[in-house]
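Q: Just one file: entry37.cif, with mmCIF, C-alpha atoms.
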```
data_work
loop_
_atom_site.label_atom_id
_atom_site.label_comp_id
_atom_site.auth_asym_id
_atom_site.auth_seq_id
_atom_site.Cartn_x
_atom_site.Cartn_y
_atom_site.Cartn_z
CA MET A 1 120.77 77.51 124.91
CA ASN A 2 119.26 76.91 128.34
CA LYS A 3 119.04 73.16 129.03
CA THR A 4 115.37 73.59 129.91
CA ASN A 5 114.68 74.42 126.28
CA LEU A 6 115.84 70.93 125.23
CA ILE A 7 112.72 69.43 126.83
CA ARG A 8 110.48 67.55 124.40
CA LEU A 9 106.89 68.65 124.96
CA SER A 10 105.34 66.02 122.68
CA GLU A 11 106.31 63.66 119.88
CA HIS A 12 107.00 66.40 117.33
CA PHE A 13 107.49 69.57 119.38
CA THR A 14 110.28 70.75 121.67
CA LEU A 15 110.34 73.54 124.19
CA ALA A 16 113.02 75.29 122.14
CA GLU A 17 110.63 75.53 119.17
CA LEU A 18 107.97 77.14 121.30
CA CYS A 19 110.33 79.62 122.97
CA LYS A 20 112.32 80.87 120.00
CA THR A 21 112.33 84.61 119.47
CA SER A 22 114.21 87.20 117.47
CA HIS A 23 114.06 89.64 120.38
CA THR A 24 117.14 89.71 122.60
CA THR A 25 116.68 90.36 126.32
CA ALA A 26 118.97 90.25 129.34
CA THR A 27 116.94 87.46 130.95
CA GLY A 28 116.29 85.36 127.86
CA ASN A 29 112.97 83.68 127.13
CA THR A 30 112.81 80.65 129.42
CA PRO A 31 109.28 79.88 130.67
CA PRO A 32 108.40 79.04 134.28
CA PRO A 33 107.02 75.55 135.11
CA ALA A 34 103.37 76.63 134.86
CA ALA A 35 103.93 78.01 131.35
CA ILE A 36 105.72 74.80 130.33
CA ASN A 37 102.66 72.81 131.43
CA ASN A 38 100.44 75.08 129.32
CA LEU A 39 102.71 74.62 126.31
CA LYS A 40 102.62 70.86 126.80
CA ASN A 41 98.82 70.95 126.83
CA LEU A 42 98.87 72.88 123.55
CA CYS A 43 101.25 70.40 121.95
CA ASP A 44 99.66 67.18 123.19
CA ASN A 45 96.02 68.09 122.75
CA TRP A 46 95.96 70.57 119.86
CA LEU A 47 99.14 70.81 117.79
CA GLU A 48 99.77 67.08 117.47
CA PRO A 49 96.16 66.34 116.37
CA LEU A 50 96.31 69.29 113.95
CA ARG A 51 99.59 68.09 112.46
CA HIS A 52 98.32 64.53 112.06
CA SER A 53 94.95 65.50 110.62
CA TYR A 54 96.30 68.07 108.16
CA ASN A 55 99.07 65.80 106.91
CA THR A 56 96.67 62.87 106.54
CA ARG A 57 94.26 64.94 104.46
CA TYR A 58 96.48 67.28 102.50
CA GLY A 59 100.19 66.91 103.05
CA ASP A 60 103.18 64.69 103.53
CA PRO A 61 103.13 62.49 106.69
CA ASP A 62 106.31 64.18 107.92
CA GLU A 63 105.42 67.77 107.03
CA PRO A 64 106.02 69.88 110.17
CA LEU A 65 103.96 72.65 111.66
CA ILE A 66 106.13 75.76 111.79
CA ILE A 67 105.72 77.69 115.04
CA SER A 68 106.65 81.34 114.57
CA SER A 69 105.88 82.39 118.15
CA GLY A 70 105.02 80.55 121.34
CA TYR A 71 105.94 81.51 124.88
CA ARG A 72 107.00 85.11 125.41
CA SER A 73 108.46 86.48 128.60
CA PRO A 74 106.92 89.83 129.60
CA GLU A 75 109.97 91.63 128.19
CA VAL A 76 109.93 89.69 124.92
CA ASN A 77 106.20 90.27 124.63
CA ARG A 78 106.69 94.01 125.13
CA LYS A 79 109.36 94.14 122.43
CA ALA A 80 107.09 92.15 120.10
CA GLY A 81 104.33 94.71 120.61
CA GLY A 82 102.02 92.23 122.33
CA SER A 83 99.24 93.04 124.77
CA PRO A 84 100.28 92.90 128.45
CA THR A 85 97.54 90.30 128.95
CA SER A 86 98.57 88.21 125.93
CA ASN A 87 98.10 84.45 126.23
CA HIS A 88 101.67 84.14 124.94
CA THR A 89 103.02 85.30 128.32
CA THR A 90 101.52 82.29 130.11
CA GLY A 91 102.47 79.70 127.49
CA CYS A 92 98.85 79.39 126.39
CA ALA A 93 99.28 80.59 122.80
CA VAL A 94 101.16 79.77 119.63
CA ASP A 95 101.34 81.35 116.19
CA ILE A 96 101.53 78.84 113.34
CA ARG A 97 103.10 79.95 110.07
CA CYS A 98 100.86 79.45 107.02
CA LEU A 99 101.79 79.34 103.35
CA GLY A 100 98.70 81.36 102.47
CA LEU A 101 95.07 82.00 103.30
CA GLU A 102 93.92 78.57 102.11
CA GLN A 103 96.25 76.71 104.45
CA ALA A 104 95.25 78.99 107.33
CA ILE A 105 91.57 78.23 106.68
CA ARG A 106 92.25 74.49 106.57
CA TYR A 107 94.19 74.61 109.83
CA ALA A 108 91.37 76.60 111.45
CA ALA A 109 88.69 74.22 110.16
CA ILE A 110 90.49 71.22 111.65
CA LEU A 111 90.80 72.93 115.03
CA LEU A 112 87.15 74.00 115.00
CA ASP A 113 86.10 70.41 114.28
CA LEU A 114 88.37 69.19 117.06
CA ALA A 115 86.82 71.59 119.57
CA ASP A 116 83.29 70.60 118.47
CA THR A 117 84.05 66.90 118.80
CA ARG A 118 85.56 67.31 122.25
CA GLY A 119 82.63 69.46 123.34
CA ARG A 120 80.16 66.75 122.34
CA GLU A 121 82.23 64.07 124.06
CA PHE A 122 82.45 66.15 127.23
CA LYS A 123 78.70 66.78 127.31
CA GLY A 124 78.04 63.10 126.70
CA ALA A 125 80.31 62.13 129.58
CA GLN A 126 78.59 64.68 131.82
CA ALA A 127 75.15 63.34 130.91
CA SER A 128 76.23 59.76 131.62
CA GLU A 129 77.77 60.75 134.93
CA GLY A 130 74.67 62.74 135.90
CA SER A 131 72.42 59.79 135.10
CA GLN A 132 74.44 57.48 137.32
CA VAL A 133 74.36 59.97 140.19
CA SER A 134 70.59 60.40 139.82
CA GLU A 135 69.96 56.65 139.91
CA GLY A 136 71.99 56.18 143.07
CA SER A 137 71.04 59.35 144.90
CA GLN A 138 67.67 58.26 146.29
CA LEU A 139 67.41 55.29 148.63
CA GLU A 140 64.41 53.00 148.35
CA GLY A 141 61.53 54.32 150.44
CA SER A 142 63.18 57.66 151.18
CA GLN A 143 61.46 60.97 150.60
CA ALA A 144 62.33 62.79 147.38
CA PRO A 145 64.39 65.97 147.81
CA VAL A 146 62.37 69.17 148.11
CA ALA A 147 64.07 70.69 145.05
CA SER A 148 62.84 67.89 142.80
CA GLN A 149 59.26 68.36 144.02
CA ALA A 150 59.21 72.11 143.43
CA SER A 151 57.63 73.47 140.29
CA GLU A 152 59.83 75.11 137.67
CA GLY A 153 60.77 78.63 138.70
CA SER A 154 59.56 78.26 142.30
CA PRO A 155 61.75 79.49 145.18
CA CYS A 156 62.65 75.89 146.03
CA SER A 157 63.92 74.96 142.59
CA VAL A 158 67.67 74.66 142.19
CA ALA A 159 69.26 75.80 138.94
CA PRO A 160 71.87 73.38 137.58
CA GLN A 161 75.43 74.66 137.89
CA ALA A 162 78.12 74.15 135.29
CA SER A 163 80.81 71.89 136.66
CA GLU A 164 84.38 73.10 136.80
CA GLY A 165 86.36 72.44 133.64
CA THR A 166 83.42 72.50 131.22
CA LEU A 167 85.41 74.80 128.93
CA GLU A 168 88.69 72.88 129.01
CA SER A 169 87.77 71.00 125.83
CA ASP A 170 87.57 74.31 123.94
CA PHE A 171 90.05 76.94 122.77
CA ASP A 172 90.29 80.53 123.93
CA GLU A 173 91.33 82.23 120.67
CA LEU A 174 91.52 81.07 117.06
CA PHE A 175 92.54 83.94 114.79
CA ILE A 176 93.64 83.97 111.16
CA GLU A 177 96.06 86.88 110.96
CA ARG A 178 97.56 88.68 107.97
CA SER A 179 100.41 91.16 108.04
CA PHE A 180 100.63 94.25 105.86
CA ARG A 181 103.26 92.35 103.85
CA GLY A 182 100.69 89.69 102.98
CA THR A 183 102.00 86.85 105.17
CA TYR A 184 99.54 84.67 107.08
CA TRP A 185 99.65 82.85 110.38
CA LEU A 186 97.15 81.15 112.67
CA HIS A 187 96.99 82.24 116.30
CA LEU A 188 95.78 79.50 118.66
CA ALA A 189 95.32 80.03 122.40
CA VAL A 190 94.13 77.45 124.92
CA ARG A 191 93.88 78.24 128.63
CA PRO A 192 93.66 75.67 131.45
CA THR A 193 90.13 76.97 132.17
CA ALA A 194 87.68 79.71 131.13
CA ASN A 195 88.25 79.41 127.39
CA ARG A 196 86.10 81.86 125.40
CA HIS A 197 85.97 80.33 121.88
CA LYS A 198 86.88 83.61 120.19
CA THR A 199 87.38 83.55 116.41
CA ALA A 200 88.45 86.37 114.12
CA PHE A 201 90.28 87.44 110.98
CA VAL A 202 92.88 90.04 111.93
CA GLN A 203 94.73 92.42 109.60
CA THR A 204 97.90 93.78 111.20
#
```
Translate the structure of the given file into structure tokens.
A:
Amino acid sequence: MNKTNLIRLSEHFTLAELCKTSHTTATGNTPPPAAINNLKNLCDNWLEPLRHSYNTRYGDPDEPLIISSGYRSPEVNRKAGGSPTSNHTTGCAVDIRCLGLEQAIRYAAILLDLADTRGREFKGAQASEGSQVSEGSQLEGSQAPVASQASEGSPCSVAPQASEGTLESDFDELFIERSFRGTYWLHLAVRPTANRHKTAFVQT
């Protein structure tokens, strides 16, 4: 095994776990540094909270999450039948093995709640930051900015812009998937930015 794969990404997950594959290739399945960072984000901010929350509510404290697929090199992804633009190829996606539909739904519910909570916290932090900027932006006795004096919809009004990173507290894809053999897994993808909050039930 490549020594890089011995890296521990978080308390309960190693790089080897998130790079294992049954597909043999000449170049192996070792991720580049950027993909390792994406995998670490998944482990620290999503898989560890999921493991803790699920085990606290339903399972044994030491019950592991079983990762059936994580990072895939382009060649591994091709052999696995994945899309060329799959989040797996950038280390932004994992497939979590589920014992059945009920466990998959419970995993998904925890992750949806986590995304909602982080979204509210992020918006709250933005509102607080915006309030502080507003209070300190106008010096005593100075003229108010033209944009603030303009009526709504006038040519002088300035539409608020979303700050960079507003979607980082969200996921990109959360799919419950079922194979023709009747096995279930949960597909979770989280990008560094531009996450789309896509949910689906997929029959393969």
Q: Which residues are near Tyr184 (chain A)? Cut-off 7 Å, all atoms listed in the file, ignore same chain within fewer than 5 positions. Put them as number ranges by chain.
A: A: 97-101, 177-179
Q: Using all atoms listed in the file, can you tell me which of A:Leu112, A:Ile176, A:Val202, A:Leu188 comes closest to Ser69 (chain A)?
A: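 The answer is A:Leu188, which sits nearest to Ser69 (chain A).
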Q: Take CA of Ala115 (chain A) and CA of Gly182 (chain A) and report the distance between them in Å, one decimal.
A: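 Value for the CA of Ala115 (chain A)-CA of Gly182 (chain A) distance: 28.2 Å.
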Q: Looking at A:Ser128, A:Thr117, A:Thr56, A:Thr85, which one is nearest to Asp170 (chain A), with distances taken over only C-alpha atoms?
A: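 The closest residue to Asp170 (chain A) is A:Thr117.
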Q: Could you tell me how far CA of His88 (chain A) lies from CA of Thr183 (chain A), in Å and to one decimal?
A: 20.0 Å
Q: Any idea what's packed within 10 Å of Ala189 (chain A), counting only C-alpha atoms, ignoring anything in its chain fewer than 4 positions away? Could you give it as JSON, numbers by chain?
A: {"A": [38, 39, 42, 46, 70, 86, 87, 88, 91, 92, 93, 94, 95, 170, 171, 172, 173, 174, 175, 195, 196, 197, 198]}
Q: Find the residues near Lys20 (chain A): any atom within 9 Å, counting all atoms listed in the file, skip ones fewer than 5 places away on the same chain, and give them as a list in words.
A: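 What passes the distance filter is Leu15, Asn29, Ile67, Ser68, Ser69, Gly70, Tyr71 and Arg72 of chain A.
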Q: Put those residues in a file: C-alpha atoms, as a PDB file, in the frame of the given file.
A:
```
ATOM      1  CA  LEU A  15     110.340  73.540 124.190  1.00  0.00           C
ATOM      2  CA  ASN A  29     112.970  83.680 127.130  1.00  0.00           C
ATOM      3  CA  ILE A  67     105.720  77.690 115.040  1.00  0.00           C
ATOM      4  CA  SER A  68     106.650  81.340 114.570  1.00  0.00           C
ATOM      5  CA  SER A  69     105.880  82.390 118.150  1.00  0.00           C
ATOM      6  CA  GLY A  70     105.020  80.550 121.340  1.00  0.00           C
ATOM      7  CA  TYR A  71     105.940  81.510 124.880  1.00  0.00           C
ATOM      8  CA  ARG A  72     107.000  85.110 125.410  1.00  0.00           C
TER       9      ARG A  72
END
```
Q: What does the distance from CA of Lys79 (chain A) to CA of Leu47 (chain A) come to in Å, to one decimal?
A: 25.9 Å
Q: What residues have an atom no more than 12 Å from (95.3, 69.2, 112.9) in the file's own frame, counting only C-alpha atoms, and can you write them as a count of residues only?
A: 36
Q: Run through the PyMOL selection byres ((chain A and resi 73) around 8) on the given coordinates and return the selected residues as a PyMOL selection string.
A: chain A and resi 28-31+71-72+74-77+89
Q: Kindly indicate which residue among A:Ser83, A:Gln126, A:Ser22, A:Asn37 lies nearest to Arg191 (chain A), using all atoms listed in the file for the distances.
A: A:Asn37
Q: From the set A:Thr204, A:Gly119, A:Ala80, A:Thr193, which residue has the shortest atom-to-atom contact distance to Thr25 (chain A), counting all atoms listed in the file?
A: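 Checking each of A:Thr204, A:Gly119, A:Ala80, A:Thr193 against Thr25 (chain A), counting all atoms listed in the file, the winner is A:Ala80.
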Q: Go through A:Ile7, A:Ile66, A:Ala16, A:Ala35 and flag the residue nearest Val190 (chain A), using all atoms listed in the file for the distances.
A: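 The answer is A:Ala35, which sits nearest to Val190 (chain A).
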